[in-house]
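Asker: Shown below is the structure under consideration.
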Amino acid sequence: MKLNKRYARSIRSNLSFYVSASVLTMVGLLLFFLFYVAGTGIGEYGDKFFSRNHREDASFTVMNEISGDELDELERKYDVQLEKERCVNTEENDGKHVRVFRANKDIDLYELIEGTAPKADDEAVISAGYAENNDIHIGDKVTIGGREYKVTGWFLRPDYLYMLENITDDYKNITTFFLASLTDEAFDKAFEQPSTAYKVIYNDTANEKDFRLEVNEKHYTLSYLSADENTRITFVHEQADMFILCAWLMLVLLPFVTVALISIIIGRKIRSEQKIIGTLSAQGYKRSTLMLHYSLLAVIPGLAGGLLMAAASVLLSDWFGGIGLADYEPMQPKFRLPILIALAGIIIPTFIYFIAALLKVKKLLKHDTVELLSGSVGTQSKTHRMLRDTKIKVRRKFAIRSVLGSPGRSFVVFLGVFLGAMIVSFSYIFIDSVKAVGSQAMDEFGTFKYEYILNTMQDDETENADAVMVVPYENTSGKRFSLMGVDTDCQRWNLTDRDTGARADIEDGWYMSSLCAKMFGVRAGDEFTFRSIASLEVYTVKIKGIIKNGYQSYIRSQPD
């Protein structure tokens, strides 16, 4: 009998196994490839888009406007790039909110993805997400500041790839909010008193502190937001990194379990062919030849499944990546499956199947040829004595012996159940987490129904409400949090100490939310050092306790 003739015969007789194992291998690799393609494509696009459109390192506002000469002097002195940005927020009669920019020339440039830049005073370009979501085409009219403008293009901005109207918003708004840009002349005619902000790029980050100190000293900084704390910017890489993390940490588990399951089945199928292996051994075939023969048969599901899934991922890479773009502006990344990842998807399952078959045949060939020919290898059970002297019911005794007497079979069943349960549980975890955000978060915030944020200070007493002062601060590494001042008789905000369960005595010390404590590695009794975002003045306080709130990052005390 020539072994080469057995390949086709073995595949035909076990076709259902090879097909199902190949499909299962493909399913195991599908989500890994999908998330990896999406994560790497979005991340690479973000890097290139930020670079070519000169993404800011920070934006800030000041009380006293910085003149052109002063901007030039600051640029030379601290090796930075600075640009004064003009914009206006308008609210139209239909309830739409528009943020109109005078196009920047050096920092946070907008990039057209369709159409052309405006040339006439009645032309405008608008943000692509809003245009796409509201079915606005080139040539259509939009109302901005009570005037109609012809849309000549759609654009993206590096500081608005995640379209938040306010930096504190929880989710993007492309339904009632959009960005617009006019010609410089049209902007100056339409808006006489625009808001002013400053964009900065630090060519040498070592100068950042001194730069901020001088700006605050001479012009009084009202707000400062670094790119690392700007959700509109950071969301791009945060979600891309999450996709890649899921690919490596979570979704690798699925292929691993699938491969392990198939490897066990391969071992069982080889054991079922022990009579043929014994016959071939009796005919004089070497052990190494038989081990290689069955190992090559075992790699078929790995090669077939890996190659087919890699080919499908290459052809469908844009579709794979597009699934991850739902939360962004309509970016146009080029998605691809890296060659090394594709090879890993093919080689790793194939190698594991090869080794599983090799070891199984090697183990069988350690037995006598007569045993193999009789098919008795692996049929002897040592469990017939198990629980012999116990008085449990025969039905239970038989069930225990069946499970423990065939550990391989039991493990296959366990893996199958685990695989299905893992997929279902993974889905329910997401569903349950989303539901919990609403119910649990409200309990941890407090017992109020509405929260109003005022732009100006208010000294009057407000009936049926608790007043709260909120000021953003940062730790010495630049990570932001809120400093909140609350009256001692506050009833609506949650002031429950996480450790004691008692009401926090904010009159007697500083309390930190559990989210903030986790972010900064702080425990009750520790000292915490932070600084003013404007003046960079440093403060150190002792944290008396932790308030259970895993949704807000703050420190609380009296407003005095």
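By order of appearance in the structure tokens: chains A, B, ..., then residues from 1 within every chain, and ligands from 1 in the order shown.
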Write out as a list of chain:residue names which residues come within 9 Å of segment 208-222 of chain A when counting only C-alpha atoms, dropping same-chain ones fewer than 3 positions away.
Answerer: A:Phe60, A:Thr61, A:Val62, A:Met63, A:Asn64, A:Glu65, A:Ile66, A:Leu74, A:Lys77, A:Tyr78, A:Val80, A:Tyr202, A:Asp204, A:Thr205, A:Ile533, A:Ala534, A:Ser535, A:Leu536
Asker: Write out the residues from the selection above, keeping C-alpha atoms, as an mmCIF file, in the first residue's frame.
Answerer:
```cif
data_model
loop_
_atom_site.group_PDB
_atom_site.id
_atom_site.type_symbol
_atom_site.label_atom_id
_atom_site.label_comp_id
_atom_site.auth_asym_id
_atom_site.auth_seq_id
_atom_site.Cartn_x
_atom_site.Cartn_y
_atom_site.Cartn_z
ATOM 1 C CA PHE A 60 -6.370 77.825 25.212
ATOM 2 C CA THR A 61 -8.238 81.074 25.766
ATOM 3 C CA VAL A 62 -7.064 84.198 27.572
ATOM 4 C CA MET A 63 -8.669 87.285 29.052
ATOM 5 C CA ASN A 64 -6.348 89.767 27.323
ATOM 6 C CA GLU A 65 -5.928 89.113 23.616
ATOM 7 C CA ILE A 66 -2.411 88.328 22.378
ATOM 8 C CA LEU A 74 6.351 83.729 22.014
ATOM 9 C CA LYS A 77 11.240 82.426 22.672
ATOM 10 C CA TYR A 78 9.678 79.042 23.400
ATOM 11 C CA VAL A 80 6.358 76.821 19.485
ATOM 12 C CA TYR A 202 5.242 72.515 21.043
ATOM 13 C CA ASP A 204 10.149 71.292 22.277
ATOM 14 C CA THR A 205 7.843 69.986 25.020
ATOM 15 C CA ILE A 533 -4.564 74.618 34.733
ATOM 16 C CA ALA A 534 -4.218 78.385 34.241
ATOM 17 C CA SER A 535 -1.482 79.456 36.670
ATOM 18 C CA LEU A 536 0.157 76.023 37.228
#
```
Asker: Find the residues around Lys141 of chain A up to 12 Å (only C-alpha atoms counted), leave out those fewer than 4 positions away in its own chain, and share them as a PyMOL selection string.
Answerer: chain A and resi 122-126+131+135-137+147-153
Asker: Generate a file of the selected residues that holds C-alpha atoms, formatted as a compact mmCIF listing (two decimals), in the first residue's frame.
Answerer:
```
# COMPACT_ATOMS: atom_id res chain seq x y z
CA ASP A 122 -22.33 82.93 -0.38
CA GLU A 123 -20.42 79.63 -0.33
CA ALA A 124 -19.45 77.40 2.57
CA VAL A 125 -17.93 74.02 3.36
CA ILE A 126 -19.42 71.96 6.19
CA ALA A 131 -23.70 66.34 5.60
CA ASP A 135 -28.27 63.81 3.15
CA ILE A 136 -26.80 67.18 2.18
CA HIS A 137 -25.11 67.21 -1.22
CA ARG A 147 -28.14 83.52 5.90
CA GLU A 148 -28.20 80.89 3.21
CA TYR A 149 -24.95 79.50 1.84
CA LYS A 150 -24.27 77.11 -0.99
CA VAL A 151 -22.41 73.98 0.09
CA THR A 152 -19.27 73.55 -2.04
CA GLY A 153 -17.60 70.77 -0.05
```
Asker: In terms of the shortest atom-to-atom distance over only C-alpha atoms, which of A:Glu70, A:Val37, A:Tyr294, A:Gly145 is closest to Arg336 of chain A?
Answerer: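 Using only C-alpha atoms, the shortest distance to Arg336 of chain A belongs to A:Val37.
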Asker: Would you kindly return, as a VMD selection string, each protein, DNA or RNA residue with an atom no farther than 9 Å from any atom of segment 14-19 of chain A, considering only C-alpha atoms and excluding same-chain residues fewer than 4 positions away?
Answerer: chain A and resid 9 to 10 23 to 24 298 300 to 301 304 to 305
Asker: Could you write out the selected residues, including N, CA and C atoms, as a short mmCIF file (atom, residue, chain, number, x, y, z; two decimals), in the first residue's frame?
Answerer:
```
data_model
loop_
_atom_site.label_atom_id
_atom_site.label_comp_id
_atom_site.auth_asym_id
_atom_site.auth_seq_id
_atom_site.Cartn_x
_atom_site.Cartn_y
_atom_site.Cartn_z
N ARG A 9 -7.96 9.34 -0.62
CA ARG A 9 -8.95 8.44 -0.05
C ARG A 9 -9.36 8.88 1.36
N SER A 10 -8.38 9.29 2.15
CA SER A 10 -8.67 9.73 3.52
C SER A 10 -9.49 11.01 3.54
N VAL A 23 -14.04 25.29 8.39
CA VAL A 23 -14.99 26.38 8.66
C VAL A 23 -14.83 26.89 10.09
N LEU A 24 -14.66 25.96 11.02
CA LEU A 24 -14.49 26.35 12.42
C LEU A 24 -13.19 27.15 12.60
N ALA A 298 -3.46 16.15 8.96
CA ALA A 298 -4.06 16.98 10.00
C ALA A 298 -3.94 18.47 9.71
N ILE A 300 -4.53 20.00 6.98
CA ILE A 300 -5.46 20.46 5.95
C ILE A 300 -6.45 21.50 6.49
N PRO A 301 -7.11 21.26 7.63
CA PRO A 301 -8.05 22.29 8.14
C PRO A 301 -7.35 23.62 8.44
N ALA A 304 -6.39 25.20 4.92
CA ALA A 304 -7.59 25.60 4.18
C ALA A 304 -8.30 26.75 4.88
N GLY A 305 -8.56 26.59 6.20
CA GLY A 305 -9.26 27.64 6.94
C GLY A 305 -8.48 28.93 7.00
#
```
Asker: When you count only C-alpha atoms, which of these residues is closest to Gly41 of chain A: A:Ile453, A:Ile244, A:Ala465, A:Leu292?
Answerer: A:Ile244
Asker: To test your reading of the structure, identify every residue in segment 22-218 of chain A that backbone DSSP assigns to helix (DSSP H, G or I), and report it as a ChimeraX atom specification.
Answerer: /A:22-52,68-78,128-133,158-160,184-190,205-218
